[in-house]
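Source file work.txt; content: compact mmCIF, C-alpha atoms and all ligand atoms.
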# COMPACT_ATOMS: atom_id res chain seq x y z
CA VAL A 84 -15.40 -52.19 -10.32
CA LEU A 85 -12.85 -49.52 -9.60
CA PRO A 86 -12.90 -46.68 -12.11
CA GLU A 87 -9.94 -46.83 -14.47
CA ASP A 88 -8.43 -43.58 -13.28
CA SER A 89 -8.50 -44.64 -9.60
CA TYR A 90 -5.33 -43.90 -7.78
CA LEU A 91 -4.50 -47.18 -6.06
CA THR A 92 -1.95 -47.52 -3.32
CA SER A 93 -0.84 -50.53 -1.38
CA ASP A 94 1.21 -50.57 1.77
CA ASP A 95 1.94 -52.53 4.93
CA ILE A 96 3.36 -50.26 7.61
CA PRO A 97 4.44 -52.34 10.63
CA LEU A 98 3.13 -51.63 14.11
CA ALA A 99 5.58 -49.64 16.18
CA ALA A 100 7.23 -51.82 18.78
CA PRO A 101 7.43 -50.34 22.29
CA GLY A 102 10.59 -48.30 22.71
CA THR A 103 11.05 -47.75 18.97
CA PRO A 104 11.76 -44.10 18.35
CA ILE A 105 9.17 -42.46 16.12
CA GLU A 106 10.46 -39.78 13.82
CA GLY A 107 8.49 -37.24 11.81
CA ARG A 108 10.09 -36.54 8.46
CA ALA A 109 9.41 -34.17 5.61
CA GLU A 110 11.65 -33.49 2.68
CA ARG A 111 11.17 -31.18 -0.22
CA SER A 112 13.41 -29.71 -2.82
CA ASP A 113 12.53 -26.27 -4.10
CA ALA A 114 13.95 -25.03 -7.38
CA TYR A 115 12.54 -22.22 -9.45
CA PRO A 116 13.49 -20.39 -12.62
CA VAL A 117 14.47 -16.71 -12.54
CA VAL A 118 13.69 -15.07 -15.87
CA VAL A 119 15.41 -11.72 -16.45
CA THR A 120 14.20 -9.90 -19.55
CA SER A 121 13.81 -6.44 -21.01
CA ASP A 122 11.01 -7.59 -23.28
CA ALA A 123 7.42 -7.12 -22.08
CA ASP A 124 6.11 -9.87 -24.32
CA THR A 125 8.57 -12.41 -22.91
CA ALA A 126 7.55 -11.43 -19.38
CA HIS A 127 3.82 -11.73 -20.14
CA ARG A 128 4.27 -15.04 -21.93
CA SER A 129 6.33 -16.46 -19.07
CA ILE A 130 3.62 -15.61 -16.55
CA ALA A 131 0.84 -16.93 -18.80
CA ASP A 132 2.78 -20.19 -19.31
CA LEU A 133 3.12 -20.60 -15.55
CA ALA A 134 -0.61 -20.10 -15.15
CA ALA A 135 -1.46 -22.81 -17.72
CA GLY A 136 -5.11 -23.35 -16.88
CA ARG A 137 -4.86 -21.99 -13.36
CA ARG A 138 -6.55 -18.89 -12.02
CA ILE A 139 -4.38 -15.97 -10.98
CA MET A 140 -4.89 -13.65 -8.04
CA LEU A 141 -2.63 -10.71 -8.78
CA VAL A 142 -1.57 -8.84 -5.64
CA THR A 143 -0.13 -5.38 -6.14
CA ASP A 144 -0.10 -1.87 -4.68
CA ASP A 145 -2.05 1.16 -5.88
CA THR A 146 0.96 2.83 -7.51
CA VAL A 147 2.03 -0.23 -9.47
CA LEU A 148 -1.56 -0.97 -10.40
CA ALA A 149 -1.96 2.51 -11.87
CA LEU A 150 1.35 2.39 -13.74
CA HIS A 151 1.60 -1.17 -14.99
CA GLY A 152 -1.39 -3.17 -13.71
CA THR A 153 -3.80 -2.65 -16.57
CA SER A 154 -1.33 -3.67 -19.24
CA LEU A 155 -0.27 -6.81 -17.34
CA VAL A 156 -3.84 -7.86 -16.56
CA SER A 157 -5.00 -7.32 -20.13
CA ALA A 158 -1.94 -9.07 -21.57
CA LEU A 159 -2.69 -12.10 -19.39
CA ARG A 160 -6.41 -12.05 -20.16
CA SER A 161 -5.70 -11.83 -23.88
CA ARG A 162 -3.71 -15.04 -23.45
CA GLY A 163 -6.74 -16.71 -21.92
CA VAL A 164 -5.67 -16.49 -18.28
CA GLU A 165 -8.39 -15.87 -15.69
CA VAL A 166 -7.07 -13.00 -13.54
CA GLU A 167 -8.48 -11.23 -10.51
CA PHE A 168 -6.51 -8.54 -8.77
CA VAL A 169 -6.28 -6.90 -5.38
CA SER A 170 -4.31 -3.79 -4.50
CA VAL A 171 -2.95 -2.46 -1.21
CA PRO A 172 -1.76 1.07 -0.35
CA PRO A 173 1.88 1.63 -1.41
CA GLY A 174 4.68 1.68 1.14
CA GLU A 175 6.16 -0.26 4.04
CA ARG A 176 3.01 0.23 6.15
CA SER A 177 1.30 -2.38 3.97
CA LYS A 178 3.75 -5.02 5.18
CA ASP A 179 1.45 -5.43 8.11
CA LEU A 180 -0.56 -8.24 9.65
CA SER A 181 -3.82 -6.32 9.23
CA VAL A 182 -3.21 -5.96 5.48
CA ALA A 183 -2.29 -9.64 5.21
CA VAL A 184 -5.48 -10.62 7.03
CA LYS A 185 -7.57 -8.55 4.60
CA LEU A 186 -5.87 -10.32 1.72
CA LEU A 187 -6.60 -13.70 3.32
CA ASP A 188 -10.26 -12.68 3.62
CA ARG A 189 -10.32 -11.73 -0.03
CA LEU A 190 -8.79 -15.07 -1.01
CA ALA A 191 -11.24 -16.96 1.16
CA HIS A 192 -14.14 -15.33 -0.69
CA SER A 193 -12.57 -15.85 -4.12
CA PRO A 194 -12.69 -18.99 -6.26
CA LEU A 195 -8.91 -19.39 -5.96
CA GLY A 196 -8.06 -22.99 -5.14
CA ARG A 197 -5.07 -24.91 -3.84
CA ARG A 198 -3.55 -25.30 -7.31
CA ASP A 199 -4.16 -21.75 -8.47
CA LEU A 200 -1.55 -19.05 -8.46
CA ILE A 201 -0.88 -15.86 -6.53
CA VAL A 202 1.20 -13.37 -8.49
CA ALA A 203 3.01 -10.83 -6.30
CA PHE A 204 3.40 -7.81 -8.57
CA GLY A 205 5.27 -4.96 -6.96
CA GLY A 206 8.20 -4.02 -4.76
CA GLY A 207 9.56 -5.84 -1.73
CA VAL A 208 6.55 -4.84 0.35
CA VAL A 209 4.00 -6.56 -1.88
CA ILE A 210 6.34 -9.50 -2.48
CA ASP A 211 7.06 -10.11 1.22
CA MET A 212 3.44 -9.66 2.31
CA ALA A 213 1.79 -11.59 -0.53
CA GLY A 214 4.40 -14.35 -0.25
CA TRP A 215 3.63 -14.76 3.43
CA VAL A 216 -0.09 -14.90 2.68
CA ALA A 217 0.64 -17.51 -0.01
CA SER A 218 2.54 -19.57 2.57
CA ALA A 219 -0.40 -19.50 4.97
CA TYR A 220 -3.44 -19.73 2.71
CA MET A 221 -4.61 -23.36 2.48
CA ARG A 222 -1.25 -24.27 4.07
CA GLY A 223 0.50 -22.87 1.02
CA VAL A 224 -0.57 -21.99 -2.49
CA PRO A 225 1.94 -21.43 -5.30
CA TYR A 226 3.09 -17.88 -5.95
CA VAL A 227 5.13 -16.14 -8.61
CA ASN A 228 7.12 -12.97 -7.99
CA VAL A 229 7.00 -10.24 -10.60
CA PRO A 230 9.19 -7.53 -9.07
CA THR A 231 8.76 -3.89 -10.10
CA THR A 232 11.37 -2.09 -7.98
CA LEU A 233 15.10 -2.45 -8.41
CA LEU A 234 15.36 -3.57 -4.80
CA ALA A 235 12.89 -6.38 -5.42
CA HIS A 236 14.61 -7.33 -8.71
CA VAL A 237 18.01 -7.75 -7.08
CA ASP A 238 16.90 -9.02 -3.70
CA ALA A 239 13.39 -9.35 -2.29
CA ALA A 240 11.98 -11.47 -5.12
CA LEU A 241 14.58 -14.20 -4.54
CA GLY A 242 15.08 -16.59 -1.67
CA GLY A 243 11.60 -17.16 -0.29
CA LYS A 244 11.95 -15.13 2.88
CA VAL A 245 8.40 -13.86 3.34
CA ALA A 246 7.12 -11.75 6.20
CA VAL A 247 5.17 -8.86 7.60
CA ASP A 248 6.53 -6.32 10.09
CA HIS A 249 5.58 -5.86 13.73
CA PRO A 250 5.99 -2.66 15.75
CA VAL A 251 8.59 -4.47 17.88
CA ALA A 252 10.74 -5.62 14.98
CA LYS A 253 10.83 -5.80 11.24
CA ASN A 254 9.90 -9.09 9.53
CA LEU A 255 8.93 -10.54 12.91
CA ILE A 256 6.07 -12.62 11.52
CA GLY A 257 7.12 -14.69 8.56
CA ALA A 258 8.18 -17.91 6.94
CA PHE A 259 10.47 -19.46 4.39
CA TYR A 260 8.33 -20.19 1.38
CA GLN A 261 9.86 -20.39 -2.07
CA PRO A 262 8.18 -18.93 -5.16
CA THR A 263 7.29 -21.04 -8.19
CA ALA A 264 9.17 -18.64 -10.42
CA VAL A 265 10.54 -15.11 -10.56
CA ILE A 266 9.84 -13.04 -13.68
CA SER A 267 12.03 -9.93 -13.63
CA HIS A 268 11.04 -7.48 -16.34
CA ILE A 269 13.51 -4.59 -16.54
CA GLY A 270 10.94 -2.43 -18.34
CA TYR A 271 9.08 -1.84 -15.09
CA LEU A 272 12.08 0.02 -13.69
CA ALA A 273 11.66 2.89 -16.15
CA SER A 274 8.93 4.46 -14.01
CA LEU A 275 10.86 4.27 -10.71
CA ASP A 276 11.94 7.54 -9.16
CA GLY A 277 15.60 8.22 -8.52
CA ARG A 278 15.38 7.62 -4.79
CA GLN A 279 13.98 4.12 -5.31
CA VAL A 280 16.69 3.33 -7.87
CA ARG A 281 19.36 4.39 -5.38
CA ALA A 282 17.74 2.29 -2.62
CA GLY A 283 17.77 -0.75 -4.91
CA LEU A 284 21.41 -0.20 -5.75
CA ALA A 285 22.23 -0.49 -2.03
CA GLU A 286 21.25 -4.17 -2.05
CA ALA A 287 23.30 -4.72 -5.20
CA VAL A 288 26.36 -3.09 -3.60
CA LYS A 289 25.79 -5.36 -0.61
CA LYS A 290 26.01 -8.49 -2.75
CA ALA A 291 29.10 -7.16 -4.49
CA ILE A 292 30.88 -6.53 -1.18
CA ILE A 293 30.03 -9.92 0.26
CA ALA A 294 30.57 -12.10 -2.78
CA SER A 295 31.72 -10.47 -5.99
CA PRO A 296 34.58 -8.08 -6.64
CA GLN A 297 33.56 -8.29 -10.32
CA LEU A 298 30.05 -7.04 -9.60
CA PHE A 299 31.55 -4.29 -7.44
CA GLY A 300 33.74 -3.23 -10.35
CA PHE A 301 30.75 -3.30 -12.69
CA ILE A 302 28.75 -1.04 -10.36
CA GLU A 303 31.70 1.35 -9.93
CA SER A 304 32.09 1.69 -13.70
CA ASN A 305 28.36 1.98 -14.41
CA VAL A 306 27.01 4.20 -11.63
CA ASP A 307 25.91 6.88 -14.11
CA GLU A 308 24.28 4.42 -16.51
CA LEU A 309 22.49 2.69 -13.65
CA LEU A 310 21.24 5.95 -12.15
CA ALA A 311 20.03 6.95 -15.61
CA ARG A 312 18.12 3.62 -15.72
CA GLN A 313 19.86 2.52 -18.87
CA PRO A 314 18.15 -0.83 -19.65
CA GLN A 315 21.30 -2.77 -20.67
CA ALA A 316 23.13 -1.75 -17.50
CA LEU A 317 20.11 -2.56 -15.34
CA GLU A 318 19.58 -5.91 -17.02
CA GLN A 319 23.18 -6.91 -16.44
CA LEU A 320 23.06 -5.76 -12.84
CA VAL A 321 19.83 -7.66 -12.14
CA ARG A 322 21.11 -10.81 -13.86
CA CYS A 323 24.39 -10.81 -11.90
CA ALA A 324 22.86 -9.86 -8.56
CA SER A 325 20.13 -12.50 -8.97
CA ALA A 326 22.67 -15.21 -9.76
CA ILE A 327 24.78 -14.23 -6.75
CA LYS A 328 21.82 -14.23 -4.40
CA CYS A 329 20.60 -17.61 -5.70
CA GLU A 330 24.08 -19.07 -5.21
CA LEU A 331 24.37 -17.75 -1.65
CA ILE A 332 20.84 -18.86 -0.73
CA ALA A 333 21.35 -22.38 -2.08
CA ARG A 334 24.15 -22.90 0.44
CA ASP A 335 21.84 -22.31 3.40
CA PRO A 336 18.26 -21.82 2.20
CA TYR A 337 16.63 -21.87 5.63
CA GLU A 338 19.26 -19.86 7.50
CA GLN A 339 20.06 -22.76 9.76
CA GLU A 340 23.56 -21.45 10.11
CA LEU A 341 22.18 -18.09 11.20
CA ARG A 342 25.38 -16.70 9.80
CA ARG A 343 24.41 -15.02 6.69
CA ALA A 344 26.63 -12.72 4.76
CA LEU A 345 23.45 -11.42 3.12
CA ASN A 346 22.63 -9.69 6.39
CA PHE A 347 25.50 -7.26 5.77
CA GLY A 348 24.22 -3.78 6.60
CA HIS A 349 20.99 -5.12 8.05
CA THR A 350 21.76 -5.18 11.78
CA VAL A 351 21.88 -1.41 12.01
CA GLY A 352 19.64 -1.03 8.95
CA HIS A 353 16.70 -2.80 10.56
CA ALA A 354 17.16 -0.81 13.76
CA VAL A 355 16.99 2.45 11.78
CA GLU A 356 13.80 1.30 10.07
CA THR A 357 12.27 0.27 13.39
CA VAL A 358 12.98 3.56 15.18
CA THR A 359 11.67 5.60 12.27
CA GLY A 360 8.42 3.63 12.17
CA TYR A 361 8.97 1.87 8.82
CA GLY A 362 8.65 4.32 5.98
CA PRO A 363 10.53 7.63 6.20
CA VAL A 364 13.86 5.90 5.63
CA LEU A 365 13.74 3.45 2.73
CA HIS A 366 14.99 -0.08 3.35
CA GLY A 367 17.85 0.37 0.88
CA GLU A 368 18.87 3.67 2.51
CA ALA A 369 18.88 2.06 5.94
CA VAL A 370 20.98 -0.81 4.58
CA ALA A 371 23.44 1.65 2.97
CA LEU A 372 23.96 3.35 6.33
CA GLY A 373 24.18 -0.07 8.00
CA MET A 374 26.92 -1.13 5.57
CA ALA A 375 28.86 2.06 6.23
CA VAL A 376 28.55 1.56 10.01
CA ALA A 377 29.72 -2.06 9.76
CA ALA A 378 32.54 -0.95 7.48
CA ARG A 379 33.72 1.67 10.01
CA ILE A 380 33.61 -0.89 12.84
CA SER A 381 35.73 -3.20 10.72
CA LEU A 382 38.06 -0.37 9.72
CA ALA A 383 38.55 0.61 13.38
CA ARG A 384 39.40 -3.00 14.21
CA GLY A 385 42.04 -2.90 11.52
CA TRP A 386 40.24 -5.62 9.55
CA PHE A 387 38.90 -3.68 6.57
CA ALA A 388 41.62 -2.37 4.31
CA PRO A 389 41.38 1.44 4.11
CA HIS A 390 41.43 1.43 0.31
CA ALA A 391 38.53 -1.03 0.24
CA TYR A 392 36.68 1.12 2.78
CA ASP A 393 37.19 4.14 0.55
CA ARG A 394 35.87 2.23 -2.46
CA LEU A 395 32.71 1.23 -0.58
CA ILE A 396 32.03 4.71 0.81
CA GLY A 397 32.99 6.19 -2.55
CA VAL A 398 30.44 4.11 -4.44
CA LEU A 399 27.68 4.78 -1.89
CA HIS A 400 28.49 8.47 -2.16
CA ARG A 401 28.40 8.53 -5.95
CA ILE A 402 25.10 6.66 -5.97
CA GLY A 403 23.74 9.23 -3.52
CA LEU A 404 23.11 6.78 -0.67
CA PRO A 405 23.48 7.76 3.00
CA HIS A 406 26.72 6.67 4.65
CA SER A 407 26.38 8.72 7.81
CA ILE A 408 23.37 9.15 10.08
CA ALA A 409 23.10 12.87 9.29
CA GLN A 410 22.49 12.06 5.62
CA LEU A 411 19.24 10.18 6.26
CA GLU A 412 16.06 11.85 5.00
CA THR A 413 14.73 12.04 8.58
CA ASN A 414 16.39 13.06 11.81
CA VAL A 415 17.42 9.84 13.48
CA ASP A 416 18.73 9.71 17.02
CA ALA A 417 21.79 7.47 17.36
CA ASP A 418 20.80 6.47 20.91
CA ALA A 419 17.41 5.33 19.71
CA VAL A 420 19.10 3.16 17.09
CA ILE A 421 21.31 1.58 19.74
CA GLY A 422 18.20 1.01 21.87
CA ALA A 423 16.42 -0.73 19.01
CA LEU A 424 19.42 -2.97 18.38
CA GLY A 425 18.82 -4.40 21.83
CA LYS A 426 15.42 -5.61 20.75
CA ILE A 427 16.59 -7.12 17.53
CA ARG A 428 16.90 -10.83 17.89
CA LEU A 429 20.46 -10.90 16.70
CA ILE A 430 21.51 -9.59 20.09
CA ARG A 431 23.12 -11.98 22.51
CA ASP A 432 24.56 -11.20 25.94
CA GLY A 433 25.20 -7.58 25.14
CA SER A 434 27.05 -8.42 21.96
CA LEU A 435 25.66 -8.16 18.48
CA ARG A 436 25.97 -10.35 15.43
CA PHE A 437 27.51 -8.35 12.65
CA VAL A 438 28.66 -9.00 9.14
CA LEU A 439 31.92 -7.05 8.85
CA PRO A 440 33.59 -6.49 5.50
CA VAL A 441 37.22 -7.53 5.30
CA ASP A 442 37.78 -6.78 1.62
CA VAL A 443 35.69 -6.38 -1.50
CA GLY A 444 34.22 -9.88 -1.83
CA ARG A 445 35.07 -11.01 1.71
CA VAL A 446 33.22 -10.62 4.97
CA ALA A 447 33.56 -11.93 8.50
CA ILE A 448 30.53 -12.76 10.63
CA VAL A 449 31.16 -12.03 14.29
CA ASP A 450 29.26 -12.05 17.57
CA ASP A 451 31.45 -9.76 19.61
CA VAL A 452 30.62 -6.27 18.37
CA THR A 453 29.86 -4.06 21.34
CA GLU A 454 27.30 -1.30 21.58
CA ASP A 455 30.19 1.13 22.09
CA GLU A 456 31.70 0.18 18.76
CA VAL A 457 28.34 0.67 17.07
CA ALA A 458 27.83 4.01 18.82
CA ARG A 459 31.28 5.24 17.77
CA SER A 460 30.76 4.14 14.21
CA LEU A 461 27.26 5.61 14.01
CA SER A 462 28.37 9.03 15.18
CA ALA A 463 31.70 9.03 13.37
CA HIS A 464 32.31 11.62 10.77
CA VAL A 465 32.84 9.99 7.48
CA ARG A 466 36.38 9.55 6.30
CA ALA A 467 37.21 11.07 2.98
CA ALA A 468 34.81 9.94 0.29
CA ALA A 469 36.53 11.75 -2.49
CA SER A 470 36.13 9.36 -5.43
N1 LIG A 501 12.43 -11.03 1.28
C1 LIG A 501 13.64 -10.58 1.15
O1 LIG A 501 14.59 -11.33 1.01
C2 LIG A 501 13.88 -9.10 1.13
C3 LIG A 501 15.10 -8.59 0.69
C4 LIG A 501 15.27 -7.22 0.64
C5 LIG A 501 14.24 -6.40 1.04
N2 LIG A 501 13.07 -6.92 1.48
C6 LIG A 501 11.95 -6.05 1.89
O2 LIG A 501 11.54 -5.27 0.78
C7 LIG A 501 10.89 -4.11 1.28
C8 LIG A 501 11.30 -2.91 0.48
O3 LIG A 501 10.99 -3.13 -0.88
P1 LIG A 501 10.96 -1.93 -1.93
O4 LIG A 501 12.11 -1.07 -1.72
O5 LIG A 501 10.75 -2.55 -3.24
O6 LIG A 501 9.71 -1.07 -1.43
P2 LIG A 501 8.19 -0.97 -1.90
O7 LIG A 501 7.63 -2.28 -2.25
O8 LIG A 501 7.50 -0.18 -0.85
O9 LIG A 501 8.27 -0.09 -3.23
C9 LIG A 501 8.74 1.21 -3.13
C10 LIG A 501 7.78 2.23 -3.75
O10 LIG A 501 7.90 2.17 -5.16
C11 LIG A 501 6.62 2.06 -5.76
N3 LIG A 501 6.81 1.31 -6.98
C12 LIG A 501 6.95 -0.03 -7.11
N4 LIG A 501 7.23 -0.34 -8.39
C13 LIG A 501 7.25 0.82 -9.07
C14 LIG A 501 7.51 1.14 -10.43
N5 LIG A 501 7.82 0.21 -11.33
N6 LIG A 501 7.46 2.45 -10.78
C15 LIG A 501 7.19 3.40 -9.87
N7 LIG A 501 6.96 3.15 -8.58
C16 LIG A 501 7.00 1.87 -8.19
C17 LIG A 501 5.78 1.38 -4.72
O11 LIG A 501 4.43 1.67 -4.92
C18 LIG A 501 6.32 1.99 -3.44
O12 LIG A 501 5.72 3.22 -3.20
C19 LIG A 501 11.27 -4.01 2.73
O13 LIG A 501 10.16 -4.32 3.53
C20 LIG A 501 12.34 -5.07 2.91
O14 LIG A 501 12.35 -5.63 4.20
C21 LIG A 501 12.87 -8.25 1.51
ZN ZN A 502 17.53 -6.02 2.63

Whole structure given in structure tokens:
Amino acid sequence: VLPEDSYLTSDDIPLAAPGTPIEGRAERSDAYPVVVTSDADTAHRSIADLAAGRRIMLVTDDTVLALHGTSLVSALRSRGVEVEFVSVPPGERSKDLSVAVKLLDRLAHSPLGRRDLIVAFGGGVVIDMAGWVASAYMRGVPYVNVPTTLLAHVDAALGGKVAVDHPVAKNLIGAFYQPTAVISHIGYLASLDGRQVRAGLAEAVKKAIIASPQLFGFIESNVDELLARQPQALEQLVRCASAIKCELIARDPYEQELRRALNFGHTVGHAVETVTGYGPVLHGEAVALGMAVAARISLARGWFAPHAYDRLIGVLHRIGLPHSIAQLETNVDADAVIGALGKIRLIRDGSLRFVLPVDVGRVAIVDDVTEDEVARSLSAHVRAAAS
């Protein structure tokens, strides 16, 4: 007698006739909630609810662990969740295959099973690296992003692009693997230093330029509040930027179009990060410079309205983000950046794929930017950034 809870199936798949094409198919729809809150209790409860009987492996970095790890772990444990945690050294260097392999080893020796949960608790580095590990371990275990940097709140935690870096290029080894949920607690941002806040704002400015004049206006009017980490301003920024990113991602979740406005600032930005060895220049700083370079290329082509260019440079300037190569924290050689662009996969036949701003809220994606244009724009002195 079959046990009552047996899972019975019945089927009759016909034999394939000769000449019949055989097609492999796989379909999946990924949707996940993004909770934005300034209340620690709401954040803890949301994570505990997601766990619901599952074990959690919390992945974080040493800085975040010291600042916020104990309170999160004990809040989860007090709600009955079984939590283990593992911590990696802070910084871009941890977005590395060797670190990911160590994490895989740790998982393999832990009781974590296929239905349990990885919680990526940290900035973009932890989120990208742990998300990639989640995609690979047991062919994919669920993971939840709990971002702690502004950059991760407005960008890295959303969209399921997971990866580690390679000396040849950033994010070279990765996957698309969507999280189960994103829990964005604004309270974590209180301990961020000013430089990290500015770097995070770069990705918010990016979204505003590509898709939202309203968000751009909000940032312009709230630069001081945002830099002062005023919770209401940050919460509104994170909510709006998250909604914009989710909307843009939903249109092309797996980048099949390969024409992504979200890459604005990233062509040159990634090259700057590569030539500086991932670390001395923060991702957001590299992206800010990359946006300014793209903006100058577009301005020189007569595409970007000068007043819109001035608004972009003006807001980067007021935030304190680099908009010329000399303003980077490290000496960066323009020729080396051009050299690295050649290795970046976006290159094709000597031309580069660039997202060029046309107005606030409008960009063009083009394949015909030449190295000369990039070189001129990289070395150009910045036009007036008076505002
Ligand atoms: N997957 C994506 O779609 C996506 C999007 C944007 C960026 N990224 C990636 O994100 C990475 C950059 O992320 P990041 O800027 O968050 O860097 P990060 O993760 O290195 O964090 C920056 C620093 O802040 C510290 N920190 C984190 N939270 C803190 C807190 N609450 N208080 C004090 N210090 C804190 C960290 O320990 C670290 O030293 C890059 O590798 C970039 O490629 C990914
Ligand atoms: Zn980015």

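By chain and then residue number, the residues within 7 Å of A:Gly373 are Gly348, His349, Thr350, Val351 and Gly352 of chain A, counting all atoms listed in the file and disregarding those fewer than 6 positions away in sequence.
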
Open item on the list: Please return as a list in words the residues found within 6 Å of ligand LIG 501 (chain A), counting all atoms listed in the file.
Closed with: Asp144, Thr146, Val147, Pro173, Gly174, Glu175, Gly205, Gly206, Gly207, Val208, Val209, Asp211, Thr231, Thr232, Leu234, Ala235, Asp238, Ala239, Gly242, Lys244, Val245, Tyr271, Leu272, Ser274, Leu275 and His366 of chain A

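Separating atom CA of A:Ile201 from atom CA of A:Pro225 is a distance of 6.4 Å.
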
Task: Spatial neighbours of stretch 135-141 of chain A, 10 Å, only C-alpha atoms, chain gap at least 4 places, as a ChimeraX atom specification - done: /A:130-131,148,152,155-156,159,162-170,189-190,193-205,213,226-227,229

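Among A:Cys323, A:Ala123, A:Ala369, A:Val446, the residue with the shortest atom-to-atom distance to A:Leu298, counting only C-alpha atoms, is A:Cys323.
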
TODO: Within 10 Å of A:Ala219, counting all atoms listed in the file, which residues show up once you throw out same-chain ones fewer than 3 positions away? Write them as a VMD selection string, please.
DONE: chain A and resid 187 213 to 216 222 to 224 257 to 258 260

Write a file of the selected residues as a compact mmCIF listing (two decimals), keeping the file's coordinate frame, keeping C-alpha atoms.
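Once written, again_8.txt looks like this:
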# COMPACT_ATOMS: atom_id res chain seq x y z
CA LEU A 187 -6.60 -13.70 3.32
CA ALA A 213 1.79 -11.59 -0.53
CA GLY A 214 4.40 -14.35 -0.25
CA TRP A 215 3.63 -14.76 3.43
CA VAL A 216 -0.09 -14.90 2.68
CA ARG A 222 -1.25 -24.27 4.07
CA GLY A 223 0.50 -22.87 1.02
CA VAL A 224 -0.57 -21.99 -2.49
CA GLY A 257 7.12 -14.69 8.56
CA ALA A 258 8.18 -17.91 6.94
CA TYR A 260 8.33 -20.19 1.38

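Here atom CA of A:Lys328 and atom CA of A:Ala287 stand 9.7 Å from one another.
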
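Computed from the coordinates, the atom CA of A:Ala273 to atom CA of A:Glu330 distance equals 27.5 Å.
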
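By all atoms listed in the file, and with residues fewer than 3 positions from A:Tyr392 along its chain excluded, the set lying at most 8 Å from it is Ala378, Arg379, Leu382, Phe387, Ala388, Pro389, Leu395 and Ile396 of chain A.
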
Task: Residues near A:His268, cut-off 7 Å, all atoms listed in the file, skip fewer than 2 positions along chain, as a PyMOL selection string - done: chain A and resi 119-123+126+266+270-271

Task: Residue nearest ligand ZN 502 (chain A) among A:Arg176, A:His353, A:Lys185, A:His127 (counting all atoms listed in the file) - done: A:His353

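Take the candidates A:Asn414, A:Ser181, A:Thr263, A:Asn346 and check each one against ligand ZN 502 (chain A) using only C-alpha atoms and all ligand atoms; the shortest distance goes to A:Asn346.
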
Open item on the list: My list of candidates is A:Gly283, A:Gly300, A:Gly277, A:Gly362. Which is closest to ligand ZN 502 (chain A) when distances are computed with all atoms listed in the file?
Closed with: A:Gly283

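Each of A:Ala134, A:Val247, A:Val280, A:Leu365 was compared to ligand ZN 502 (chain A) using only C-alpha atoms and all ligand atoms, and A:Leu365 turns out to be the nearest.
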
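Considering all atoms listed in the file, the residue among A:Ile380, A:Ile421, A:Asp442, A:Ala285 positioned nearest to ligand ZN 502 (chain A) is A:Ala285.
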
Could you put an axis-aligned box around every listed atom of stretch 199-204 of chain A, padded by 4 Å on each side, and send me its centre and edge lengths in Å to one decimal, as AutoDock Vina command-line options?
--center_x -0.4 --center_y -14.8 --center_z -7.4 --size_x 15.6 --size_y 21.9 --size_z 10.3
